[in-house]
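Let me begin by presenting the structure, written as structure tokens, before commenting on it.
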Amino acid sequence: MAAKVILHIGQQKSGTTYLQDVLGHIAEPLAREAGILYPDSIREILPDAIENHERATRGLLGDEYPWVSADDAAGERDKWLRLMEKVRAWPDTVLISAEALSVIRSAAVARLLAEFDGADVEVVITTRRLDRSLPSLWQQHVRNGRHSTIEEYFAALVEQRERGPEAIEEELDLHLWRAFWLGGLVRRWAAAVGPDRVRVVINPGSPADLLWRRFAAAVGARGCSGRPSADVRARRTHGGLTTEETELMVALNRRLEDSGWSTFECRALREEILLNGLLVRGERGGPVAVPDSARDLVAAWAEEDVAALRRSGVEIVGRPRELRPAPERPERPDGPGSLASSERVAEAAAAAIMAVAPRGRYGPEPRRKSLPAWIRTRVRPEQGIPGPPSPDAPAAPAAGAVPRGAAMPDAPEPPDAPDSSNAFGARASQEARDAGSPQ
């Protein structure tokens with residue numbers, strides 16, 4: 001068994017994917033120089049993937065994740081067993097990163113820790129301002145197919161939070177606040193491993209690599225903080241949607257829900273629009289923000305978290321004041337109902353249409369061949385095109401007559417039938433079918 005296991009448990013939208021990307025790029029020097037193993041799991045199959053150990057943890061805790069079915073959890077059991085083989089084989093420190101662990105309840109925490117019996121277990125929590133993380137989570141839900149407006153989303157958050165800490169700790173479906181109520185998250189894990197073994201790393205948002213440098217210090221890899229290349233440290237792993245883009249996707253998701261499309265088809269359409277239409281645009285607008293109706297509540301929630309964090313006894317890497325929301329809503333040149341905002345929605349819609357429009361079906365109609373052109377494609381050069389009959393030639397049989405004993409000739413193809421044996425005919429045939437296909 002490893003001497004130490006560090007569990008990086010999120011939160012979601014706190015920069016976890018960015019950190020996992022950096023860790024994957026420096027896994028070898030991290031193990032060699034700091035003695036910290038960041039084990040492969042997804043990368044056993046997809047070497048270039050960003051390593052996230054959530055899928056492996058499903059094999060142990062699948063029933064604790066509301067979005068994981070029993071069958072899916074059973075299918076991931078081997079991943080967990082392989083991960084544990086690596087933990088047992090490594091003599092020093094193993095780092096496991098899975099932001100989904102922030103949603104599990106106390107009994108599941110105990111079940112997880114029992115797997116590491118004999119190792120010292122430490123917990124690292126990365127966190128971010130609620131006025132950035134909660135809107136970001138909403139747009140992520142929309143990207144995945146949800147269709148609640150941001151006002152509906154925050155109304156649901158308020159209703160769930162008002163059910164109180166005990167319900168949040170006990171009820172499976174209140175997992176969002178189990179993760180994002182920072183005071184409760186810290187208390188749950190500190191009670192399991194001790195406050196001296198919990199570190200909270202605050203993501204200030206900028207500069208881009210400050211989160212990595214803070215995280216490296218928290219896991220004992222300060223000497224490797226300069227290891228990733230500058231472009232890796234500065235890259236963004238998630239491109240968030242703007243308000244207008246997310247509203248467009250909300251409307252699309254509502255239509256898709258009533259369309260009869262399969263889950264796979266809906267996902268494929270969304271991915272095509274996002275990756276080839278919305279996220280590749282240059283001028284897109286600002287990030288999603290907390291609606292005005294919820295700003296005071298979010299500020300109050302943040303103050304609760306800061307106070308709980310300061311009295312928790314855990315190590316804080318960063319400044320607690322960095323968790324307070326911006327004092328004012330980000331300035332925008334227009335309001336939600338202004339013409340400019342409507343223009344941005346229209347621009348997003350146009351980009352989405354262009355991303356999925358089959359350009360080929362809107363080309364010009366294929367020109368039909370003239371009779372001489374059709375003959376040239378039908379008659380081999382050595383045959384020649386027959387000229388007018390000679391005056392001395394015998395009379396031709398009557399039209400339609402067949403000499404006795406002769407085989408019935410094949411009926412000639414009409415001149416305007418497309419020829420499927422050559423490139424023009426195949427394309428014309430396909431375009432003819434496309435033109436008649438339902439939209």
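Just so we're on the same page: first chain in the structure tokens is A, next is B, and so on; residues restart at 1 for each chain, and ligands are numbered from 1 in the order they show up.
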
**Message:** I need the strand (DSSP E) residues of stretch 109-256 of chain A per DSSP on the backbone, written as a list of chain:residue names.
**Reply:** A:Asp120, A:Val121, A:Glu122, A:Val123, A:Val124, A:Ile125, A:Thr126, A:Thr127, A:Val198, A:Arg199, A:Val200, A:Val201, A:Ile202

Hey, what's within 9 Å of A:Thr93 if we count only C-alpha atoms and toss same-chain stuff fewer than 2 positions away? As a CSV table (one decimal) with N, CA and C atoms, in the first residue's frame, please?
chain,number,residue,atom,x,y,z
A,2,ALA,N,0.5,2.3,-0.8
A,2,ALA,CA,1.2,3.5,-0.8
A,2,ALA,C,1.3,4.1,0.6
A,3,ALA,N,2.4,4.8,0.9
A,3,ALA,CA,2.5,5.4,2.2
A,3,ALA,C,1.5,6.5,2.4
A,4,LYS,N,1.1,7.2,1.3
A,4,LYS,CA,0.2,8.3,1.4
A,4,LYS,C,-0.7,8.3,0.2
A,5,VAL,N,-2.0,8.6,0.4
A,5,VAL,CA,-3.0,8.8,-0.7
A,5,VAL,C,-3.5,10.2,-0.5
A,6,ILE,N,-3.4,11.0,-1.6
A,6,ILE,CA,-4.1,12.4,-1.6
A,6,ILE,C,-5.3,12.3,-2.5
A,31,ALA,N,6.3,11.8,-10.7
A,31,ALA,CA,6.6,10.5,-10.0
A,31,ALA,C,8.1,10.4,-9.7
A,34,ALA,N,9.1,14.0,-7.4
A,34,ALA,CA,8.4,14.3,-6.2
A,34,ALA,C,7.9,13.0,-5.5
A,35,GLY,N,8.0,11.9,-6.2
A,35,GLY,CA,7.5,10.6,-5.6
A,35,GLY,C,6.0,10.5,-5.6
A,36,ILE,N,5.3,11.3,-6.4
A,36,ILE,CA,3.9,11.3,-6.5
A,36,ILE,C,3.4,10.7,-7.8
A,37,LEU,N,2.7,9.6,-7.6
A,37,LEU,CA,2.1,8.8,-8.8
A,37,LEU,C,0.8,9.4,-9.1
A,38,TYR,N,0.6,9.9,-10.3
A,38,TYR,CA,-0.7,10.2,-10.8
A,38,TYR,C,-1.1,9.1,-11.8
A,87,VAL,N,-2.2,1.6,-6.6
A,87,VAL,CA,-2.1,2.3,-5.3
A,87,VAL,C,-1.3,1.3,-4.4
A,90,TRP,N,2.6,1.2,-5.4
A,90,TRP,CA,3.5,2.3,-5.3
A,90,TRP,C,3.9,2.6,-3.9
A,91,PRO,N,5.2,2.8,-3.6
A,91,PRO,CA,5.7,2.9,-2.2
A,91,PRO,C,5.5,4.3,-1.6
A,95,LEU,N,-1.7,10.3,-6.0
A,95,LEU,CA,-2.7,11.4,-6.1
A,95,LEU,C,-3.9,10.9,-7.0

**Request:** Pick out the closest residue to A:Ile316 from this set: A:His8, A:Arg161, A:Arg214, A:Arg281. Count only C-alpha atoms.
**Result:**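 Smallest separation from A:Ile316 among the options: A:Arg214.
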
**Asked** Hey, what's within 9 Å of A:Leu182 if we count only C-alpha atoms and toss same-chain stuff fewer than 5 positions away? As a list in words, please?
**Response**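 The contact residues come out as Gln11, Thr127, Trp177, Arg187, Ala302, Glu304, Asp305, Val306, Ala308 and Leu309 of chain A.
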
**Message:** Here is a test: counting only C-alpha atoms, which residue of A:Ala89, A:Ala216, A:Ala56, A:Ile168 is nearest to A:Leu101?
**Reply:**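 Comparing A:Ala89, A:Ala216, A:Ala56, A:Ile168 against A:Leu101, the winner is A:Ala56.
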
**Message:** Give me the residues near A:Arg58 as a list in words, where near means some atom within 10 Å (using only C-alpha atoms) and where sequence neighbours in that chain fewer than 3 positions away do not count.
**Reply:**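 The residues that qualify are His53, Glu54, Arg55, Leu61, Gly62, Asp63, Glu64, Tyr65, Val68, Ser69, Ala70, Asp72, Ala73, Ala74, Gly75, Glu76, Arg77, Lys79, Trp80, Ala100 and Leu101 of chain A.
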
Which of stretch 112-347 of chain A counts as helix (DSSP H, G or I) under DSSP, as a tab-separated table (two decimals) with C-alpha atoms, in the first residue's frame please?
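selection00.tsv written:
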chain	number	residue	atom	x	y	z
A	112	LEU	CA	-13.81	4.95	0.28
A	113	LEU	CA	-11.29	5.53	3.07
A	114	ALA	CA	-11.48	1.88	4.10
A	130	LEU	CA	-19.97	31.01	-6.11
A	131	ASP	CA	-20.91	33.81	-8.49
A	132	ARG	CA	-18.60	32.17	-11.03
A	133	SER	CA	-19.04	28.47	-10.29
A	134	LEU	CA	-22.86	28.30	-10.03
A	135	PRO	CA	-23.61	30.06	-13.37
A	136	SER	CA	-20.87	27.97	-14.98
A	137	LEU	CA	-22.53	24.81	-13.66
A	138	TRP	CA	-25.87	25.94	-15.14
A	139	GLN	CA	-24.42	26.39	-18.62
A	140	GLN	CA	-22.73	22.99	-18.29
A	141	HIS	CA	-26.10	21.41	-17.46
A	142	VAL	CA	-27.59	23.07	-20.54
A	143	ARG	CA	-24.74	21.79	-22.68
A	150	ILE	CA	-31.05	30.53	-15.28
A	151	GLU	CA	-33.86	32.05	-13.20
A	152	GLU	CA	-35.48	28.62	-12.79
A	153	TYR	CA	-32.11	27.11	-11.95
A	154	PHE	CA	-31.41	29.59	-9.15
A	155	ALA	CA	-34.95	29.26	-7.81
A	156	ALA	CA	-34.31	25.52	-7.46
A	157	LEU	CA	-31.00	26.20	-5.70
A	158	VAL	CA	-32.74	28.44	-3.19
A	159	GLU	CA	-35.42	25.83	-2.49
A	160	GLN	CA	-32.81	23.09	-1.98
A	161	ARG	CA	-30.60	25.20	0.29
A	165	PRO	CA	-27.75	21.11	6.35
A	166	GLU	CA	-29.16	17.82	7.68
A	167	ALA	CA	-31.26	17.17	4.59
A	168	ILE	CA	-28.34	18.12	2.34
A	169	GLU	CA	-26.10	15.62	4.11
A	170	GLU	CA	-28.64	12.80	3.99
A	172	LEU	CA	-29.15	11.69	-2.32
A	173	ASP	CA	-30.77	14.17	-4.71
A	174	LEU	CA	-29.38	17.21	-2.87
A	175	HIS	CA	-25.89	16.40	-4.13
A	176	LEU	CA	-25.32	19.82	-5.68
A	177	TRP	CA	-25.27	21.56	-2.31
A	178	ARG	CA	-23.26	18.72	-0.76
A	179	ALA	CA	-20.53	19.82	-3.14
A	180	PHE	CA	-21.03	23.60	-3.27
A	182	LEU	CA	-18.17	24.73	1.13
A	183	GLY	CA	-18.58	24.84	4.92
A	184	GLY	CA	-20.45	21.54	4.92
A	185	LEU	CA	-18.02	19.92	2.46
A	186	VAL	CA	-15.02	20.82	4.64
A	187	ARG	CA	-16.73	19.62	7.82
A	188	ARG	CA	-17.69	16.25	6.27
A	189	TRP	CA	-14.17	15.39	5.15
A	190	ALA	CA	-12.41	16.92	8.18
A	191	ALA	CA	-14.56	14.71	10.41
A	192	ALA	CA	-13.36	11.67	8.44
A	193	VAL	CA	-9.60	12.34	8.15
A	195	PRO	CA	-8.79	18.93	9.89
A	196	ASP	CA	-4.99	18.82	9.83
A	197	ARG	CA	-5.19	16.59	6.74
A	210	LEU	CA	-1.74	30.60	-10.10
A	211	LEU	CA	-4.18	27.78	-9.38
A	212	TRP	CA	-1.58	25.21	-10.51
A	213	ARG	CA	1.16	26.75	-8.35
A	214	ARG	CA	-1.12	26.75	-5.31
A	215	PHE	CA	-2.22	23.18	-5.98
A	216	ALA	CA	1.38	21.98	-6.43
A	217	ALA	CA	2.24	23.43	-3.04
A	218	ALA	CA	-0.79	21.77	-1.42
A	222	ARG	CA	6.25	22.66	-5.25
A	223	GLY	CA	9.48	21.65	-6.98
A	224	CYS	CA	7.47	20.57	-10.04
A	230	ALA	CA	4.03	27.69	-20.45
A	231	ASP	CA	1.31	26.91	-22.98
A	232	VAL	CA	0.03	24.00	-20.85
A	233	ARG	CA	-0.03	26.17	-17.71
A	234	ALA	CA	-1.86	28.95	-19.53
A	243	THR	CA	-25.62	34.02	-21.78
A	244	GLU	CA	-27.03	34.33	-25.29
A	245	GLU	CA	-25.50	31.05	-26.44
A	246	THR	CA	-26.87	29.24	-23.42
A	247	GLU	CA	-30.36	30.67	-23.96
A	248	LEU	CA	-30.19	29.43	-27.55
A	249	MET	CA	-29.26	25.93	-26.31
A	250	VAL	CA	-32.10	26.00	-23.75
A	251	ALA	CA	-34.60	26.61	-26.56
A	252	LEU	CA	-33.02	23.87	-28.69
A	253	ASN	CA	-33.13	21.37	-25.81
A	254	ARG	CA	-36.83	22.04	-25.30
A	255	ARG	CA	-37.50	21.35	-28.96
A	256	LEU	CA	-35.39	18.20	-28.88
A	257	GLU	CA	-37.25	16.85	-25.86
A	263	THR	CA	-30.38	10.52	-26.72
A	264	PHE	CA	-27.47	9.78	-29.03
A	265	GLU	CA	-28.88	11.93	-31.85
A	266	CYS	CA	-29.56	14.85	-29.49
A	267	ARG	CA	-26.05	14.67	-28.05
A	268	ALA	CA	-24.47	14.52	-31.49
A	269	LEU	CA	-26.43	17.56	-32.68
A	270	ARG	CA	-25.48	19.59	-29.59
A	271	GLU	CA	-21.81	18.67	-29.94
A	272	GLU	CA	-21.79	19.67	-33.60
A	273	ILE	CA	-23.32	23.06	-32.81
A	274	LEU	CA	-21.06	23.70	-29.82
A	275	LEU	CA	-17.73	22.59	-31.26
A	276	ASN	CA	-18.14	23.78	-34.85
A	277	GLY	CA	-20.56	26.68	-34.41
A	278	LEU	CA	-20.52	28.49	-31.05
A	292	ASP	CA	-29.93	40.15	-10.43
A	293	SER	CA	-32.70	38.49	-8.39
A	294	ALA	CA	-30.17	36.08	-6.79
A	295	ARG	CA	-27.10	38.27	-6.29
A	296	ASP	CA	-27.78	39.15	-2.66
A	297	LEU	CA	-28.43	35.51	-1.79
A	298	VAL	CA	-25.22	34.35	-3.46
A	299	ALA	CA	-23.27	37.01	-1.55
A	300	ALA	CA	-24.81	35.77	1.73
A	301	TRP	CA	-23.96	32.14	0.90
A	302	ALA	CA	-20.36	33.16	0.18
A	303	GLU	CA	-20.06	34.96	3.53
A	304	GLU	CA	-21.27	31.81	5.30
A	305	ASP	CA	-18.59	29.79	3.53
A	306	VAL	CA	-15.80	32.25	4.34
A	307	ALA	CA	-16.75	32.29	8.03
A	308	ALA	CA	-17.00	28.48	8.19
A	309	LEU	CA	-13.68	28.07	6.43
A	310	ARG	CA	-11.85	30.39	8.81
A	320	PRO	CA	-10.56	33.59	1.90
A	321	ARG	CA	-11.66	37.01	0.62
A	322	GLU	CA	-11.11	35.68	-2.91
A	323	LEU	CA	-14.31	33.66	-2.40
A	339	LEU	CA	-31.45	45.18	-29.31
A	340	ALA	CA	-27.75	44.42	-28.99
A	341	SER	CA	-28.50	41.40	-26.79
A	342	SER	CA	-31.04	40.20	-29.34
A	343	GLU	CA	-28.43	40.64	-32.05
A	344	ARG	CA	-26.02	38.41	-30.13
A	345	VAL	CA	-28.68	35.71	-29.83
A	346	ALA	CA	-29.27	35.99	-33.58
A	347	GLU	CA	-25.52	35.73	-34.24

**Message:** What's the separation between atom CA of A:Glu122 and atom CA of A:Ala208, in Å to one decimal place?
**Reply:**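 About the pair atom CA of A:Glu122 and atom CA of A:Ala208: they are 25.5 Å apart.
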